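In what follows, a structure is listed as structure tokens, so that the remarks can point back to it.
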Amino acid sequence: MVDGDEAFFLDTSTQISKTWEDEKRCYLNKELSQKPCYCSVYVKNEYKLNILNDTILVHTITVDSGTLDEAESRLDGLMKRIGRRPDELPYKLFRRFFKEYSRKAPFLRKLEKLIELEWLNYFLGNIRKSLFNLVKCNSAQHDPYKKGDHYIGIISKCSSGCEIEDFLKSQQSALNVLSNIDDAKLNKMNDPKGKLQKIKSTSIAILGGKSPHGKPCKEISDAVISIEAKASYPTIILHSMDSDFKLLGEVLNIPTCVHSKHKILNNQ
């Protein structure tokens with residue numbers, strides 16, 4: 001744990017939005033400049049998986065298309081088939097670079113730079129200190145590699161060095177709080193995705209002896225981020241673009257600054 005004044009802990013959604021959310025990017029970065037910003041290896045691994053695999057998706061479609069216009073049409077068709085929304089990352093990546101490049105070759109070179117190095121530079125922007133690493137997560141340990149003209153994506157895989165089990169044991173009081181959320185309170189909360197209910201159920205299972213590795217870790221990842229942030233820095237404010245973190249802040253008594261689509265939801 002470190003001591004100090006109030007600081008932001010940036011979750012995965014904020015880390016992505018500070019670079020790729022066109023409508024809020026300038027506002028976000030101005031806001032993030034007002035306090036020291038911290039993050040963790042656990043968040044970095046989530047970010048890496050999201051950014052790299054979505055960039056590889058755009059790269060693959062572009063490589064297989066004759067022109068950028070064809071690539072845009074094919075991306076749109078694929079995203080609709082797999083049920084992804086127009087405000088998700090592959091669209092944002094394509095639109096950003098489509099504004100900068102009119103030809104396929106420089107467009108692809110930009111994507112390749114992002115895949116091979118620039119993703120980390122974007123992630124570390126605003127971060128003033130070393131990344132917290134209480135969980136010792138190494139789920140995104142591998143880097144993508146090229147096979148012919150295409151990149152092979154990366155997968156989330158627990159490593160032998162992960163200490164999430166020990167971490168959650170050391171933070172059992174937080175798991176107890178999550179496992180004991182009153183059902184009546186849950187029903188009153190605006191949790192349309194049912195994420196808090198899933199976190200409650202998974203917390204109960206882990207306290208009952210279920211291993212947190214693998215799928216359970218993914219199911220409670222927002223809670224892991226919240227607990228690690230609070231354990232690492234005493235006056236932390238969770239900064240997120242995901243309303244789940246406002247709910248978690250209320251339950252775990254952690255100050256939050258959460259941006260919804262239309263407004264900022266403060267819990268400080």
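Residue numbers start at 1 in each chain; chains themselves are named A, B, ... in the order of the structure tokens; ligands are numbered from 1 in the order shown.
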
Near stretch 7-13 of chain A, 10 Å: stretch 55-170 of chain A residue rows, closest pairs, only C-alpha atoms, as a Markdown table:
| residue | atom | partner | partner_atom | distance |
| --- | --- | --- | --- | --- |
| A:Phe123 | CA | A:Thr12 | CA | 9.4 |
| A:Asn126 | CA | A:Leu10 | CA | 9.5 |
| A:Ile127 | CA | A:Leu10 | CA | 8.9 |

Store the residues picked out above in a file with C-alpha atoms, as a JSON list (two decimals), in the first residue's frame.
[["chain", "number", "residue", "atom", "x", "y", "z"],
["A", 123, "PHE", "CA", -2.09, 2.48, -21.72],
["A", 126, "ASN", "CA", -1.46, 9.51, -17.48],
["A", 127, "ILE", "CA", 0.00, 6.81, -15.18]]

For A:Glu112: contacts at 8 Å, only C-alpha atoms, fewer than 4 positions along chain excluded, given as a PDB file with N, CA and C atoms, in the first residue's frame:
ATOM      1  N   HIS A  59      -7.361  -5.429 -38.475  1.00  0.00           N
ATOM      2  CA  HIS A  59      -6.228  -5.669 -39.367  1.00  0.00           C
ATOM      3  C   HIS A  59      -6.526  -6.818 -40.322  1.00  0.00           C
ATOM      4  N   LEU A 108      -2.751   0.005 -42.718  1.00  0.00           N
ATOM      5  CA  LEU A 108      -2.281  -1.246 -42.126  1.00  0.00           C
ATOM      6  C   LEU A 108      -1.020  -1.041 -41.293  1.00  0.00           C
ATOM      7  N   GLU A 116       2.016  -3.902 -32.152  1.00  0.00           N
ATOM      8  CA  GLU A 116       3.354  -4.306 -31.721  1.00  0.00           C
ATOM      9  C   GLU A 116       3.930  -3.459 -30.593  1.00  0.00           C
TER      10      GLU A 116
END

Which residues of stretch 190-262 of chain A have any atom within 9 Å of an atom in stretch 130-134 of chain A when counting only C-alpha atoms, and what is the closest pair of atoms for each, with the distance in Å to one decimal? Order the rows by chain and rising number and write it as a Markdown table.
| residue | atom | partner | partner_atom | distance |
| --- | --- | --- | --- | --- |
| A:Glu228 | CA | A:Leu134 | CA | 6.6 |
| A:Ala229 | CA | A:Phe132 | CA | 8.1 |
| A:Ala231 | CA | A:Leu134 | CA | 8.4 |
| A:Ser232 | CA | A:Phe132 | CA | 6.9 |

Would you export the selected residues with C-alpha atoms as a CSV table (one decimal), in the first residue's frame, please?
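Result file is again15.csv:
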chain,number,residue,atom,x,y,z
A,228,GLU,CA,-7.0,-4.3,-5.5
A,229,ALA,CA,-7.4,-0.5,-6.0
A,231,ALA,CA,-6.0,-2.3,-1.0
A,232,SER,CA,-3.2,-0.5,-2.8

Can you check which residues of stretch 14-218 of chain A DSSP gives as strand (DSSP E) on the backbone and send them as a PDB file with N, CA and C atoms, in the first residue's frame?
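New file part_1.pdb:
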ATOM      1  N   CYS A  37      -2.728   9.479 -11.247  1.00  0.00           N
ATOM      2  CA  CYS A  37      -3.462   8.325 -11.779  1.00  0.00           C
ATOM      3  C   CYS A  37      -2.649   7.054 -11.572  1.00  0.00           C
ATOM      4  N   TYR A  38      -3.322   6.034 -11.075  1.00  0.00           N
ATOM      5  CA  TYR A  38      -2.696   4.738 -10.851  1.00  0.00           C
ATOM      6  C   TYR A  38      -3.457   3.659 -11.601  1.00  0.00           C
ATOM      7  N   TYR A 145       1.709 -12.713 -32.772  1.00  0.00           N
ATOM      8  CA  TYR A 145       2.774 -12.892 -33.759  1.00  0.00           C
ATOM      9  C   TYR A 145       2.147 -12.996 -35.146  1.00  0.00           C
ATOM     10  N   LYS A 146       2.968 -12.747 -36.138  1.00  0.00           N
ATOM     11  CA  LYS A 146       2.472 -12.742 -37.512  1.00  0.00           C
ATOM     12  C   LYS A 146       2.672 -14.111 -38.165  1.00  0.00           C
ATOM     13  N   LYS A 147       1.638 -14.534 -38.878  1.00  0.00           N
ATOM     14  CA  LYS A 147       1.715 -15.743 -39.690  1.00  0.00           C
ATOM     15  C   LYS A 147       1.311 -15.345 -41.096  1.00  0.00           C
ATOM     16  N   HIS A 150      -1.082 -12.119 -41.605  1.00  0.00           N
ATOM     17  CA  HIS A 150      -2.053 -11.986 -40.530  1.00  0.00           C
ATOM     18  C   HIS A 150      -1.425 -12.160 -39.150  1.00  0.00           C
ATOM     19  N   TYR A 151      -1.980 -11.450 -38.182  1.00  0.00           N
ATOM     20  CA  TYR A 151      -1.582 -11.639 -36.784  1.00  0.00           C
ATOM     21  C   TYR A 151      -2.450 -12.711 -36.138  1.00  0.00           C
ATOM     22  N   ILE A 152      -1.840 -13.478 -35.255  1.00  0.00           N
ATOM     23  CA  ILE A 152      -2.565 -14.462 -34.462  1.00  0.00           C
ATOM     24  C   ILE A 152      -2.878 -13.816 -33.113  1.00  0.00           C
TER      25      ILE A 152
END

Worksheet item: Nearest to A:Asp87 among A:Glu21, A:Glu118, A:Asp191, A:Glu31, with distances taken over only C-alpha atoms: which residue is it?
Response: A:Glu21

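If you count only C-alpha atoms and ignore residues fewer than 4 places along the chain from A:Thr19, what sits within 8 Å of it is Gln15, Arg25 and Tyr122 of chain A.
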
I need the chosen residues saved as a compact mmCIF listing (two decimals), in the first residue's frame, with C-alpha atoms.
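Saved file result_24.txt follows:
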# COMPACT_ATOMS: atom_id res chain seq x y z
CA GLN A 15 -8.03 3.25 -20.05
CA ARG A 25 -11.51 11.88 -24.91
CA TYR A 122 -1.46 4.53 -24.86

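Coordinates place atom CA of A:Ser159 at a distance of 26.9 Å from atom CA of A:Leu248.
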
Item to complete: List every residue of stretch 3-40 of chain A that DSSP, applied to the backbone of this structure, assigns to helix (DSSP H, G or I), and report them as a ChimeraX atom specification.
Response: /A:12-20,25-32

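Among A:Cys158, A:Ile227, A:Met241, A:Leu168, the residue with the shortest atom-to-atom distance to A:Thr14, counting only C-alpha atoms, is A:Met241.
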
Worksheet item: Quick one: residues within 12 Å of stretch 75-84 of chain A, only C-alpha atoms counted, chain neighbours fewer than 3 positions away excluded, as a PyMOL selection string?
Response: chain A and resi 54-55+57-65+68-72+87-95

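Atom CA of A:Lys110 is positioned 22.5 Å from atom CA of A:Asn29.
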
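Coordinates place atom CA of A:Arg85 at a distance of 20.2 Å from atom CA of A:Lys99.
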
Worksheet item: Which polymer residues have any atom within 9 Å of an atom of A:Gln141, counting only C-alpha atoms, with same-chain residues fewer than 3 positions away left out, as an NGL selection string?
Response: :A and (45 or 138 or 154 or 156-157 or 159)

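Nearest to A:Glu46 of all the residues A:Ala205, A:Ala105, A:Cys217, A:Ile181 is A:Cys217, counting only C-alpha atoms.
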